[in-house]
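See below for work_28.txt, which holds compact mmCIF, C-alpha atoms and all ligand atoms.
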```txt
# COMPACT_ATOMS: atom_id res chain seq x y z
CA MET A 424 -38.16 21.65 -38.55
CA SER A 425 -38.19 24.22 -35.74
CA LEU A 426 -34.90 25.30 -34.23
CA ASP A 427 -34.56 25.20 -30.46
CA ARG A 428 -31.98 27.35 -28.61
CA SER A 429 -32.78 25.93 -25.19
CA VAL A 430 -30.54 23.49 -23.31
CA ASP A 431 -30.89 21.31 -20.25
CA PHE A 432 -27.68 21.61 -18.24
CA THR A 433 -27.31 19.82 -14.87
CA GLY A 434 -31.09 19.60 -14.69
CA ILE A 435 -31.58 23.35 -15.20
CA ARG A 436 -33.48 24.58 -18.26
CA PHE A 437 -31.75 27.48 -20.04
CA GLN A 438 -33.47 29.51 -22.78
CA ASN A 439 -30.09 29.57 -24.49
CA PRO A 440 -26.64 28.19 -23.57
CA PHE A 441 -24.98 31.61 -23.17
CA LEU A 442 -24.16 32.97 -19.69
CA LEU A 443 -22.33 35.95 -18.27
CA SER A 444 -19.54 34.59 -16.08
CA SER A 445 -18.79 35.62 -12.52
CA ALA A 446 -17.07 39.02 -12.94
CA PRO A 447 -17.82 42.78 -13.16
CA PRO A 448 -20.75 42.29 -15.61
CA THR A 449 -22.62 40.46 -12.81
CA GLU A 450 -21.48 42.52 -9.81
CA SER A 451 -24.80 44.35 -9.25
CA GLU A 452 -28.55 43.93 -9.44
CA SER A 453 -28.88 46.57 -12.16
CA ASN A 454 -26.23 44.89 -14.34
CA ILE A 455 -27.87 41.48 -14.02
CA LEU A 456 -31.32 42.88 -14.83
CA ARG A 457 -29.86 44.61 -17.91
CA ALA A 458 -28.16 41.36 -18.90
CA PHE A 459 -31.42 39.42 -18.78
CA ASP A 460 -33.19 42.17 -20.74
CA ALA A 461 -30.42 41.88 -23.35
CA GLY A 462 -31.11 38.15 -23.77
CA TRP A 463 -28.48 36.23 -21.76
CA GLY A 464 -29.80 32.77 -20.84
CA GLY A 465 -28.18 32.91 -17.41
CA VAL A 466 -25.70 34.73 -15.22
CA VAL A 467 -23.21 33.66 -12.58
CA THR A 468 -22.99 36.35 -9.91
CA LYS A 469 -19.68 37.98 -9.01
CA THR A 470 -18.24 35.66 -6.33
CA ILE A 471 -19.86 36.14 -2.90
CA GLY A 472 -17.84 35.45 0.27
CA LEU A 473 -17.90 36.02 4.01
CA HIS A 474 -14.41 37.40 4.60
CA PRO A 475 -13.68 41.14 4.24
CA VAL A 476 -12.53 42.18 0.75
CA VAL A 477 -10.55 45.33 0.02
CA ASN A 478 -9.39 45.87 -3.53
CA VAL A 479 -6.16 47.65 -4.48
CA VAL A 480 -6.36 51.32 -5.41
CA GLY A 481 -6.80 52.12 -9.08
CA ALA A 482 -8.13 50.34 -12.10
CA LYS A 483 -9.34 46.82 -11.43
CA ALA A 484 -9.12 45.43 -14.96
CA LYS A 485 -7.12 46.63 -17.96
CA PHE A 486 -7.14 45.56 -21.58
CA MET A 487 -4.06 44.68 -23.63
CA ARG A 488 -3.95 45.32 -27.34
CA THR A 489 -1.57 44.58 -30.20
CA SER A 490 -1.19 46.07 -33.67
CA PRO A 491 0.30 45.01 -37.02
CA GLU A 492 2.65 48.03 -36.86
CA ASP A 493 4.44 47.18 -33.63
CA ALA A 494 3.31 43.60 -32.81
CA TYR A 495 3.66 44.74 -29.21
CA VAL A 496 1.26 43.58 -26.49
CA SER A 497 0.51 46.60 -24.33
CA MET A 498 -2.16 48.29 -22.25
CA LYS A 499 -1.46 51.50 -24.16
CA LYS A 500 -4.31 52.36 -26.51
CA ARG A 501 -3.15 52.87 -30.12
CA PRO A 502 -5.29 53.52 -33.19
CA GLY A 503 -6.03 50.30 -35.08
CA ALA A 504 -4.84 48.02 -32.27
CA ALA A 505 -6.82 44.83 -31.70
CA LEU A 506 -7.79 43.33 -28.37
CA HIS A 507 -5.29 40.75 -27.13
CA SER A 508 -6.47 40.09 -23.55
CA SER A 509 -7.78 41.45 -20.30
CA TRP A 510 -5.61 41.62 -17.21
CA ASN A 511 -7.03 41.95 -13.70
CA TRP A 512 -6.14 41.64 -10.06
CA GLU A 513 -9.64 42.21 -8.76
CA LEU A 514 -10.73 40.13 -5.77
CA ILE A 515 -14.22 38.72 -5.23
CA SER A 516 -17.30 40.90 -4.58
CA ASP A 517 -16.67 43.57 -1.97
CA LYS A 518 -20.39 43.48 -1.11
CA THR A 519 -21.53 41.37 1.85
CA LEU A 520 -23.78 38.30 1.78
CA ASP A 521 -26.50 40.40 3.42
CA TRP A 522 -26.21 42.92 0.57
CA TRP A 523 -26.57 40.14 -2.01
CA LEU A 524 -29.46 38.08 -0.58
CA PRO A 525 -32.39 40.50 -1.09
CA ARG A 526 -30.99 41.31 -4.53
CA LEU A 527 -30.86 37.64 -5.56
CA ARG A 528 -34.49 37.35 -4.44
CA ARG A 529 -35.59 40.41 -6.43
CA ILE A 530 -33.69 39.38 -9.57
CA LYS A 531 -35.25 35.91 -9.52
CA GLU A 532 -38.74 37.34 -8.96
CA ALA A 533 -38.29 39.71 -11.89
CA HIS A 534 -36.95 36.96 -14.19
CA PRO A 535 -38.24 33.55 -13.08
CA ASP A 536 -37.51 32.13 -16.55
CA ARG A 537 -33.78 33.08 -16.51
CA VAL A 538 -31.06 31.20 -14.69
CA LEU A 539 -29.35 32.77 -11.69
CA ILE A 540 -26.26 30.98 -10.43
CA ALA A 541 -24.57 32.20 -7.23
CA SER A 542 -20.78 32.03 -7.24
CA ILE A 543 -19.51 31.50 -3.69
CA MET A 544 -16.15 31.24 -1.95
CA ALA A 545 -14.84 30.48 1.54
CA GLY A 546 -11.65 28.94 2.90
CA SER A 547 -10.86 25.29 3.44
CA GLY A 548 -8.38 25.24 6.32
CA ASN A 549 -10.73 24.11 9.08
CA ASP A 550 -14.29 22.99 9.87
CA LYS A 551 -15.46 26.55 10.41
CA GLU A 552 -14.50 27.39 6.82
CA LEU A 553 -16.41 24.36 5.53
CA GLN A 554 -19.40 25.62 7.53
CA ASN A 555 -18.93 29.00 5.82
CA TRP A 556 -19.31 27.26 2.44
CA GLN A 557 -22.48 25.61 3.73
CA ARG A 558 -23.89 28.90 5.03
CA LEU A 559 -23.24 30.64 1.71
CA ALA A 560 -24.82 27.73 -0.18
CA ARG A 561 -27.93 27.57 2.03
CA ASP A 562 -28.52 31.32 2.06
CA CYS A 563 -28.09 31.75 -1.69
CA GLN A 564 -30.35 28.84 -2.60
CA ASP A 565 -32.98 30.03 -0.08
CA ALA A 566 -32.85 33.44 -1.78
CA GLY A 567 -33.73 31.76 -5.08
CA ALA A 568 -30.43 30.90 -6.79
CA ASP A 569 -30.99 28.12 -9.32
CA GLY A 570 -27.50 26.72 -8.81
CA LEU A 571 -24.17 27.28 -7.07
CA GLU A 572 -20.74 27.77 -8.62
CA LEU A 573 -17.89 27.07 -6.20
CA ASN A 574 -14.93 29.36 -6.87
CA PHE A 575 -11.85 27.09 -6.74
CA SER A 576 -10.10 29.30 -9.25
CA CYS A 577 -9.47 32.93 -8.29
CA PRO A 578 -5.76 33.27 -9.26
CA HIS A 579 -4.65 35.94 -6.81
CA MET A 580 -5.70 35.00 -3.28
CA ASP A 581 -3.26 35.62 -0.44
CA ARG A 582 -4.78 32.87 1.68
CA ARG A 583 -3.39 29.38 1.14
CA ASP A 584 -6.81 27.80 1.72
CA MET A 585 -8.80 29.81 -0.83
CA GLY A 586 -9.45 30.31 -4.53
CA SER A 587 -7.08 28.63 -6.97
CA ASN A 588 -5.19 27.15 -4.02
CA ILE A 589 -8.22 24.87 -3.54
CA GLY A 590 -8.33 24.13 -7.27
CA LYS A 591 -4.68 23.03 -7.17
CA ASP A 592 -5.33 20.45 -4.44
CA GLU A 593 -7.45 17.45 -5.34
CA GLY A 594 -8.09 16.59 -1.69
CA LEU A 595 -9.51 20.05 -0.97
CA CYS A 596 -11.57 19.96 -4.19
CA SER A 597 -13.34 16.81 -2.97
CA VAL A 598 -13.77 17.89 0.64
CA VAL A 599 -15.25 21.32 -0.14
CA THR A 600 -17.55 19.97 -2.86
CA GLU A 601 -18.79 17.28 -0.52
CA ALA A 602 -19.46 19.81 2.25
CA VAL A 603 -21.55 21.97 -0.09
CA LYS A 604 -23.39 18.95 -1.52
CA GLU A 605 -24.45 18.00 2.01
CA VAL A 606 -26.68 21.08 2.16
CA ALA A 607 -27.35 21.89 -1.51
CA ARG A 608 -30.81 21.38 -3.00
CA VAL A 609 -29.71 22.92 -6.31
CA PRO A 610 -26.99 21.80 -8.77
CA VAL A 611 -23.39 22.48 -7.74
CA TRP A 612 -20.78 23.50 -10.32
CA CYS A 613 -17.05 23.77 -9.52
CA LYS A 614 -15.00 26.45 -11.32
CA LEU A 615 -11.43 25.18 -11.58
CA THR A 616 -8.18 27.04 -12.07
CA PRO A 617 -6.36 26.33 -15.36
CA ALA A 618 -3.05 26.66 -13.46
CA THR A 619 -2.50 22.94 -12.90
CA ALA A 620 -0.74 20.40 -15.09
CA GLU A 621 -3.50 17.81 -15.27
CA ILE A 622 -6.79 19.54 -14.67
CA GLU A 623 -8.69 16.28 -15.20
CA VAL A 624 -7.28 15.13 -11.83
CA GLU A 625 -8.94 18.02 -9.97
CA ALA A 626 -12.10 17.60 -12.08
CA GLY A 627 -12.26 13.94 -11.04
CA ALA A 628 -11.87 14.96 -7.39
CA CYS A 629 -14.78 17.39 -7.70
CA PHE A 630 -16.95 14.73 -9.32
CA ARG A 631 -16.08 12.33 -6.50
CA GLY A 632 -17.24 15.03 -4.08
CA GLY A 633 -20.56 15.12 -5.94
CA ALA A 634 -20.12 18.04 -8.39
CA ASP A 635 -22.79 18.30 -11.07
CA ALA A 636 -20.53 20.18 -13.52
CA ILE A 637 -17.06 21.63 -14.00
CA VAL A 638 -16.53 25.18 -15.23
CA SER A 639 -13.25 26.34 -16.82
CA SER A 640 -11.33 28.53 -17.35
CA ASN A 641 -10.89 31.28 -14.86
CA THR A 642 -8.12 33.70 -15.85
CA PHE A 643 -4.53 32.45 -16.25
CA PRO A 644 -1.82 33.67 -13.80
CA SER A 645 0.12 36.47 -15.49
CA LEU A 646 1.99 39.76 -15.13
CA PRO A 647 1.55 43.00 -17.06
CA VAL A 648 4.46 43.90 -19.33
CA ILE A 649 7.17 46.37 -18.27
CA ASP A 650 7.15 49.67 -20.14
CA PRO A 651 10.51 49.92 -21.98
CA GLU A 652 10.64 53.72 -21.46
CA THR A 653 9.71 54.04 -17.78
CA LEU A 654 10.87 50.55 -16.74
CA GLU A 655 7.65 50.30 -14.67
CA PHE A 656 4.98 47.61 -14.95
CA GLU A 657 2.17 49.02 -17.08
CA ILE A 658 -0.12 48.59 -14.09
CA ASN A 659 1.31 49.03 -10.62
CA VAL A 660 0.72 50.66 -7.23
CA ASP A 661 3.81 52.46 -5.88
CA GLY A 662 5.84 50.54 -8.46
CA GLN A 663 4.61 47.17 -7.21
CA VAL A 664 2.47 44.55 -8.86
CA SER A 665 1.30 41.04 -8.03
CA SER A 666 0.34 38.11 -10.21
CA GLY A 667 -3.03 38.80 -11.83
CA GLY A 668 -5.36 37.01 -14.24
CA LEU A 669 -5.27 36.97 -18.04
CA GLY A 670 -8.57 36.62 -19.94
CA GLY A 671 -9.96 37.38 -23.39
CA PRO A 672 -8.86 36.27 -26.89
CA ALA A 673 -5.31 35.31 -25.80
CA ILE A 674 -6.55 32.50 -23.58
CA LEU A 675 -8.97 30.84 -26.03
CA PRO A 676 -6.56 28.13 -27.29
CA LEU A 677 -5.14 27.57 -23.80
CA SER A 678 -8.56 27.19 -22.28
CA LEU A 679 -9.73 24.86 -25.06
CA ALA A 680 -6.75 22.60 -24.32
CA LYS A 681 -7.69 22.48 -20.62
CA MET A 682 -11.32 21.79 -21.45
CA SER A 683 -10.44 18.97 -23.81
CA GLN A 684 -8.34 17.27 -21.12
CA MET A 685 -11.48 17.09 -18.97
CA THR A 686 -14.14 16.30 -21.57
CA ARG A 687 -12.06 13.42 -22.89
CA ALA A 688 -11.52 12.03 -19.38
CA TYR A 689 -15.21 12.42 -18.45
CA PRO A 690 -17.23 12.32 -21.70
CA ASP A 691 -20.51 11.71 -19.87
CA ARG A 692 -20.21 14.63 -17.46
CA SER A 693 -21.31 18.27 -17.75
CA PHE A 694 -18.94 21.12 -18.56
CA SER A 695 -19.33 24.89 -18.97
CA GLY A 696 -16.63 26.52 -21.13
CA ILE A 697 -15.14 29.98 -20.58
CA GLY A 698 -12.23 31.87 -22.08
CA GLY A 699 -11.94 34.21 -25.05
CA ILE A 700 -15.52 33.96 -26.29
CA SER A 701 -16.95 36.99 -28.08
CA ASP A 702 -18.76 35.34 -30.96
CA PHE A 703 -20.52 32.09 -31.83
CA GLY A 704 -17.44 30.72 -33.59
CA GLN A 705 -15.50 30.54 -30.32
CA ALA A 706 -18.49 29.24 -28.37
CA LEU A 707 -18.82 26.49 -30.97
CA SER A 708 -15.29 25.23 -30.27
CA TYR A 709 -16.21 24.64 -26.63
CA ILE A 710 -19.52 22.96 -27.57
CA LEU A 711 -17.81 20.69 -30.11
CA LEU A 712 -15.41 19.63 -27.32
CA GLY A 713 -18.41 18.65 -25.19
CA CYS A 714 -19.54 21.75 -23.24
CA GLY A 715 -23.27 22.15 -22.64
CA THR A 716 -23.10 25.88 -21.82
CA VAL A 717 -20.51 28.65 -22.28
CA GLN A 718 -19.76 31.83 -20.34
CA VAL A 719 -18.38 35.26 -21.28
CA CYS A 720 -16.57 38.01 -19.36
CA THR A 721 -13.99 40.17 -21.22
CA ALA A 722 -16.02 40.67 -24.42
CA ALA A 723 -19.08 41.65 -22.38
CA MET A 724 -17.08 44.15 -20.27
CA LEU A 725 -16.04 45.93 -23.47
CA ASP A 726 -19.61 46.01 -24.80
CA GLN A 727 -21.58 48.37 -22.54
CA ALA A 728 -20.49 46.40 -19.44
CA VAL A 729 -22.98 43.54 -19.90
CA GLY A 730 -22.58 42.61 -23.58
CA PRO A 731 -25.91 43.41 -25.30
CA ASN A 732 -24.28 43.13 -28.73
CA VAL A 733 -22.25 40.07 -27.75
CA ILE A 734 -25.39 38.11 -26.79
CA LYS A 735 -27.13 39.30 -29.96
CA ARG A 736 -24.23 37.93 -32.04
CA LEU A 737 -24.12 34.65 -30.09
CA LEU A 738 -27.84 34.05 -30.60
CA ALA A 739 -27.74 35.02 -34.28
CA GLY A 740 -24.71 32.78 -34.76
CA LEU A 741 -26.42 29.80 -33.13
CA ASP A 742 -29.58 30.30 -35.19
CA ALA A 743 -27.60 30.59 -38.43
CA PHE A 744 -25.54 27.50 -37.56
CA LEU A 745 -28.65 25.40 -36.84
CA GLU A 746 -30.27 26.61 -40.06
CA ARG A 747 -27.11 25.75 -42.03
CA HIS A 748 -27.15 22.25 -40.57
CA ALA A 749 -30.89 21.63 -40.80
CA GLY A 750 -30.07 19.09 -43.50
CA ASP A 751 -28.00 17.11 -40.96
CA GLY A 752 -31.08 16.93 -38.73
CA TRP A 753 -29.54 19.20 -36.09
CA THR A 754 -32.20 21.21 -34.24
CA THR A 755 -30.60 21.73 -30.81
CA VAL A 756 -27.13 22.20 -29.29
CA GLU A 757 -27.29 18.61 -28.06
CA ASP A 758 -27.21 17.42 -31.69
CA PHE A 759 -23.61 18.62 -32.21
CA ARG A 760 -22.24 18.80 -28.66
CA GLY A 761 -19.01 16.82 -28.31
CA LEU A 762 -18.64 16.00 -32.02
CA ARG A 763 -14.92 16.87 -32.07
CA ARG A 764 -14.01 15.62 -28.59
CA ASP A 765 -12.36 12.46 -29.86
CA ARG A 766 -10.23 14.17 -32.51
CA ILE A 767 -7.55 15.01 -29.94
CA VAL A 768 -5.06 12.16 -29.85
CA ALA A 769 -1.43 11.49 -28.90
CA GLN A 770 1.22 12.94 -31.27
CA SER A 771 2.22 9.41 -32.22
CA GLU A 772 -1.27 8.77 -33.58
CA ILE A 773 -1.10 11.65 -36.09
CA ARG A 774 -0.50 10.38 -39.62
CA ARG A 775 2.95 11.10 -41.16
CA PRO A 776 3.60 11.70 -44.86
CA ASP A 777 5.86 8.67 -44.77
CA ALA A 778 4.88 6.42 -41.90
CA ALA A 779 7.80 4.03 -42.52
CA ASP A 780 10.33 6.69 -41.40
CA TYR A 781 8.51 7.43 -38.15
CA HIS A 782 9.55 5.75 -34.89
CA ALA A 783 7.56 7.87 -32.40
CA GLY A 784 10.77 9.45 -31.12
CA HIS A 785 12.43 6.12 -30.42
CA GLU A 786 15.64 4.90 -32.04
CA VAL A 787 15.40 1.93 -34.37
CA ALA A 788 15.96 -1.20 -32.29
CA GLU A 789 19.67 -1.90 -31.90
CA GLY A 790 20.93 -4.59 -34.21
CA TYR A 791 18.11 -4.23 -36.73
CA ALA A 792 18.05 -2.46 -40.04
CA PRO A 793 15.43 0.29 -40.41
CA ALA A 794 12.20 -1.17 -41.81
CA ASN A 795 11.39 -0.06 -45.36
C1 LIG B 1 -12.11 41.97 -13.71
C2 LIG B 1 -12.42 40.51 -13.59
C3 LIG B 1 -12.98 40.03 -12.41
C4 LIG B 1 -13.28 38.66 -12.27
N1 LIG B 1 -13.85 38.22 -11.10
C5 LIG B 1 -14.18 36.90 -10.97
C6 LIG B 1 -14.85 36.42 -9.79
O1 LIG B 1 -15.17 37.17 -8.86
N2 LIG B 1 -15.13 35.10 -9.74
C7 LIG B 1 -14.84 34.22 -10.75
O2 LIG B 1 -15.13 33.03 -10.65
N3 LIG B 1 -14.22 34.67 -11.88
C8 LIG B 1 -13.90 35.97 -12.01
N4 LIG B 1 -13.32 36.42 -13.19
C9 LIG B 1 -13.01 35.45 -14.27
C10 LIG B 1 -14.09 35.43 -15.36
O3 LIG B 1 -15.33 35.00 -14.86
C11 LIG B 1 -13.67 34.49 -16.53
O4 LIG B 1 -13.52 33.17 -16.00
C12 LIG B 1 -12.37 34.91 -17.22
O5 LIG B 1 -12.31 36.31 -17.36
C13 LIG B 1 -12.20 34.24 -18.59
O6 LIG B 1 -13.23 34.60 -19.46
P1 LIG B 1 -13.06 35.70 -20.64
O7 LIG B 1 -11.93 35.23 -21.52
O8 LIG B 1 -14.40 35.74 -21.34
O9 LIG B 1 -12.74 36.99 -19.95
C14 LIG B 1 -13.01 37.77 -13.34
C15 LIG B 1 -12.48 38.28 -14.54
C16 LIG B 1 -12.18 39.62 -14.68
C17 LIG B 1 -11.61 40.13 -15.99
```
What does the file become when written as structure tokens?
Amino acid sequence: MSLDRSVDFTGIRFQNPFLLSSAPPTESESNILRAFDAGWGGVVTKTIGLHPVVNVVGAKAKFMRTSPEDAYVSMKKRPGAALHSSWNWELISDKTLDWWLPRLRRIKEAHPDRVLIASIMAGSGNDKELQNWQRLARDCQDAGADGLELNFSCPHMDRRDMGSNIGKDEGLCSVVTEAVKEVARVPVWCKLTPATAEIEVEAGACFRGGADAIVSSNTFPSLPVIDPETLEFEINVDGQVSSGGLGGPAILPLSLAKMSQMTRAYPDRSFSGIGGISDFGQALSYILLGCGTVQVCTAAMLDQAVGPNVIKRLLAGLDAFLERHAGDGWTTVEDFRGLRRDRIVAQSEIRRPDAADYHAGHEVAEGYAPAN
């Protein structure tokens, strides 16, 4: 039986289910072309907006490591330390829409068989901002983007009507999605912030607005640690820092929990998983929870900026997995997608060694002897 890496996700055909997420690996034409040459099935561009963007001085993203010797999570490089996470306070692309459009066109012409998704962002405070979303959507799809990813998730926006502030408000999630769907001829994905209690509520609002898929997670709100010697944040400008985003291995279990909340609530909908993926094993967790594609940022940044070895490992891992399960009749991702989605249940449903002693946290009814 022949193995097939390709997937159909929101009506788009991908050669494989592995994408570079919206971030530094997809911030330029040359990076995206290198990514396609390396074998990525798709890319989501660094988020494109219409408002002026000025990043803080100094390093945009840093990497935290920990080691068996000190068990300390720090940006300081030490021999033998393993990657714990990435930390960033980078804003969206500082290039204009006019800079991006000819590049989207050229990338698509060079790689018609690869998937190019444009990540876009505007505000939501008034009709003009909704029209900005529509302009970004129209222009990017006219330039050849195969789909749109709406950024409702950037964790460090100053404006109350942008980024994760949209993703925390179910009303805004619906309204913005609906505005984009009015003009979109290509599939529309919404990238949600993980910084809400019940992410399935915002996912539902996006679906009501017409979203074709939900993407999660963006980075988690976080601070760098304070150096015990200098008493300064490990990353700062003039001693000051703001909340930034945590990505990489540390967020894998957190992001899986968020994803499972949504895939259980909407088992028939499409989801793209992100967070802590560097190898097929982690991608598999997202697929088994129901995701049809997965995306990578931190691991790719640390592998020649666009992850040529990461995509090689992901593809080899998928091939080996399909070969190992040929006896089960699995030939595509669709054959095992969602297989573990229903294994997440309420605590009270987990079997106890002695069920008779378990009262789900409730006292035995007053006036009755314990049952045994
Ligand atoms: C430096 C940096 C910049 C990022 N910029 C964006 C962005 O412009 N738009 C966006 O949707 N996500 C952005 N992200 C989030 C990533 O796309 C991704 O959701 C997150 O890093 C989690 O994936 P990971 O664990 O593979 O890093 C950025 C992440 C980093 C580290």
Dump as a list of chain:residue names all residues having an atom at most 7 Å from (-31.9, 34.0, -27.2), computed in the file's coordinates with all atoms listed in the file.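 Checking each residue against the 7 Å limit leaves A:Arg428, A:Gln438, A:Asn439, A:Gly462, A:Trp463, A:Gly464, A:Leu738.
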Preceding selection exported with C-alpha atoms as an mmCIF file, in the coordinates of the input:
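Below is the file that was written, part.cif:
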```cif
data_model
loop_
_atom_site.group_PDB
_atom_site.id
_atom_site.type_symbol
_atom_site.label_atom_id
_atom_site.label_comp_id
_atom_site.auth_asym_id
_atom_site.auth_seq_id
_atom_site.Cartn_x
_atom_site.Cartn_y
_atom_site.Cartn_z
ATOM 1 C CA ARG A 428 -31.980 27.350 -28.610
ATOM 2 C CA GLN A 438 -33.470 29.510 -22.780
ATOM 3 C CA ASN A 439 -30.090 29.570 -24.490
ATOM 4 C CA GLY A 462 -31.110 38.150 -23.770
ATOM 5 C CA TRP A 463 -28.480 36.230 -21.760
ATOM 6 C CA GLY A 464 -29.800 32.770 -20.840
ATOM 7 C CA LEU A 738 -27.840 34.050 -30.600
#
```
With the cut-off set at 8 Å and counting all atoms listed in the file, tabulate each residue of chain A with an atom at most that distance from an atom of ligand LIG 1 (chain B), showing the nearest atom pair and its distance in Å to one decimal, ordered by chain and increasing number, as a Markdown table.
```
| residue | atom | partner | partner_atom | distance |
| --- | --- | --- | --- | --- |
| A:Leu443 | CA | B:LIG1 | O3 | 7.8 |
| A:Ser444 | CA | B:LIG1 | O3 | 4.4 |
| A:Ser445 | CA | B:LIG1 | O3 | 4.2 |
| A:Ala446 | CA | B:LIG1 | N1 | 3.8 |
| A:Pro447 | CA | B:LIG1 | C3 | 5.6 |
| A:Thr468 | CA | B:LIG1 | O1 | 7.9 |
| A:Lys469 | CA | B:LIG1 | O1 | 4.6 |
| A:Thr470 | CA | B:LIG1 | O1 | 4.3 |
| A:Ile471 | CA | B:LIG1 | O1 | 7.7 |
| A:Lys483 | CA | B:LIG1 | C1 | 6.0 |
| A:Ala484 | CA | B:LIG1 | C1 | 4.7 |
| A:Ser508 | CA | B:LIG1 | O7 | 7.6 |
| A:Ser509 | CA | B:LIG1 | C17 | 5.9 |
| A:Trp510 | CA | B:LIG1 | C17 | 6.3 |
| A:Asn511 | CA | B:LIG1 | C1 | 5.1 |
| A:Trp512 | CA | B:LIG1 | C1 | 7.0 |
| A:Glu513 | CA | B:LIG1 | C3 | 5.4 |
| A:Leu514 | CA | B:LIG1 | O1 | 6.2 |
| A:Ile515 | CA | B:LIG1 | O1 | 4.1 |
| A:Ser516 | CA | B:LIG1 | O1 | 6.1 |
| A:Ser542 | CA | B:LIG1 | O2 | 6.7 |
| A:Glu572 | CA | B:LIG1 | O2 | 8.0 |
| A:Leu573 | CA | B:LIG1 | O2 | 7.9 |
| A:Asn574 | CA | B:LIG1 | O2 | 5.3 |
| A:Phe575 | CA | B:LIG1 | O2 | 7.8 |
| A:Ser576 | CA | B:LIG1 | O2 | 6.4 |
| A:Cys577 | CA | B:LIG1 | C7 | 6.0 |
| A:Lys614 | CA | B:LIG1 | O2 | 6.6 |
| A:Ser639 | CA | B:LIG1 | O4 | 6.9 |
| A:Ser640 | CA | B:LIG1 | O4 | 5.3 |
| A:Asn641 | CA | B:LIG1 | O4 | 3.4 |
| A:Thr642 | CA | B:LIG1 | C12 | 4.6 |
| A:Gly668 | CA | B:LIG1 | C17 | 7.2 |
| A:Leu669 | CA | B:LIG1 | O5 | 7.1 |
| A:Gly670 | CA | B:LIG1 | O7 | 4.0 |
| A:Gly671 | CA | B:LIG1 | O7 | 3.5 |
| A:Pro672 | CA | B:LIG1 | O7 | 6.3 |
| A:Ala673 | CA | B:LIG1 | O7 | 7.9 |
| A:Ile674 | CA | B:LIG1 | O7 | 6.4 |
| A:Leu675 | CA | B:LIG1 | O7 | 7.0 |
| A:Ile697 | CA | B:LIG1 | O6 | 5.1 |
| A:Gly698 | CA | B:LIG1 | O7 | 3.4 |
| A:Gly699 | CA | B:LIG1 | O7 | 3.7 |
| A:Ile700 | CA | B:LIG1 | O8 | 5.4 |
| A:Ser701 | CA | B:LIG1 | O8 | 7.3 |
| A:Gln718 | CA | B:LIG1 | O8 | 6.7 |
| A:Val719 | CA | B:LIG1 | O8 | 4.0 |
| A:Cys720 | CA | B:LIG1 | O8 | 3.7 |
| A:Thr721 | CA | B:LIG1 | O9 | 3.6 |
| A:Ala722 | CA | B:LIG1 | O8 | 6.0 |
| A:Ala723 | CA | B:LIG1 | O8 | 7.6 |
```
Output file for the selection above: C-alpha atoms, as a CSV table (one decimal), in the frame of the given file:
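See again.csv below for the written result:
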```
chain,number,residue,atom,x,y,z
A,443,LEU,CA,-22.3,36.0,-18.3
A,444,SER,CA,-19.5,34.6,-16.1
A,445,SER,CA,-18.8,35.6,-12.5
A,446,ALA,CA,-17.1,39.0,-12.9
A,447,PRO,CA,-17.8,42.8,-13.2
A,468,THR,CA,-23.0,36.4,-9.9
A,469,LYS,CA,-19.7,38.0,-9.0
A,470,THR,CA,-18.2,35.7,-6.3
A,471,ILE,CA,-19.9,36.1,-2.9
A,483,LYS,CA,-9.3,46.8,-11.4
A,484,ALA,CA,-9.1,45.4,-15.0
A,508,SER,CA,-6.5,40.1,-23.6
A,509,SER,CA,-7.8,41.4,-20.3
A,510,TRP,CA,-5.6,41.6,-17.2
A,511,ASN,CA,-7.0,42.0,-13.7
A,512,TRP,CA,-6.1,41.6,-10.1
A,513,GLU,CA,-9.6,42.2,-8.8
A,514,LEU,CA,-10.7,40.1,-5.8
A,515,ILE,CA,-14.2,38.7,-5.2
A,516,SER,CA,-17.3,40.9,-4.6
A,542,SER,CA,-20.8,32.0,-7.2
A,572,GLU,CA,-20.7,27.8,-8.6
A,573,LEU,CA,-17.9,27.1,-6.2
A,574,ASN,CA,-14.9,29.4,-6.9
A,575,PHE,CA,-11.8,27.1,-6.7
A,576,SER,CA,-10.1,29.3,-9.2
A,577,CYS,CA,-9.5,32.9,-8.3
A,614,LYS,CA,-15.0,26.4,-11.3
A,639,SER,CA,-13.2,26.3,-16.8
A,640,SER,CA,-11.3,28.5,-17.4
A,641,ASN,CA,-10.9,31.3,-14.9
A,642,THR,CA,-8.1,33.7,-15.8
A,668,GLY,CA,-5.4,37.0,-14.2
A,669,LEU,CA,-5.3,37.0,-18.0
A,670,GLY,CA,-8.6,36.6,-19.9
A,671,GLY,CA,-10.0,37.4,-23.4
A,672,PRO,CA,-8.9,36.3,-26.9
A,673,ALA,CA,-5.3,35.3,-25.8
A,674,ILE,CA,-6.6,32.5,-23.6
A,675,LEU,CA,-9.0,30.8,-26.0
A,697,ILE,CA,-15.1,30.0,-20.6
A,698,GLY,CA,-12.2,31.9,-22.1
A,699,GLY,CA,-11.9,34.2,-25.0
A,700,ILE,CA,-15.5,34.0,-26.3
A,701,SER,CA,-17.0,37.0,-28.1
A,718,GLN,CA,-19.8,31.8,-20.3
A,719,VAL,CA,-18.4,35.3,-21.3
A,720,CYS,CA,-16.6,38.0,-19.4
A,721,THR,CA,-14.0,40.2,-21.2
A,722,ALA,CA,-16.0,40.7,-24.4
A,723,ALA,CA,-19.1,41.6,-22.4
```
Rounded to one decimal place, report the CA of Lys500 in chain A-CA of Glu655 in chain A distance in Å.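 Calculated distance between CA of Lys500 in chain A and CA of Glu655 in chain A is 17.0 Å.
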For Asp536 in chain A, the nearest of the candidates A:Asp460, A:Asp758, A:Asp780, A:Glu789, counting all atoms listed in the file: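 Counting all atoms listed in the file, the residue closest to Asp536 in chain A is A:Asp460.
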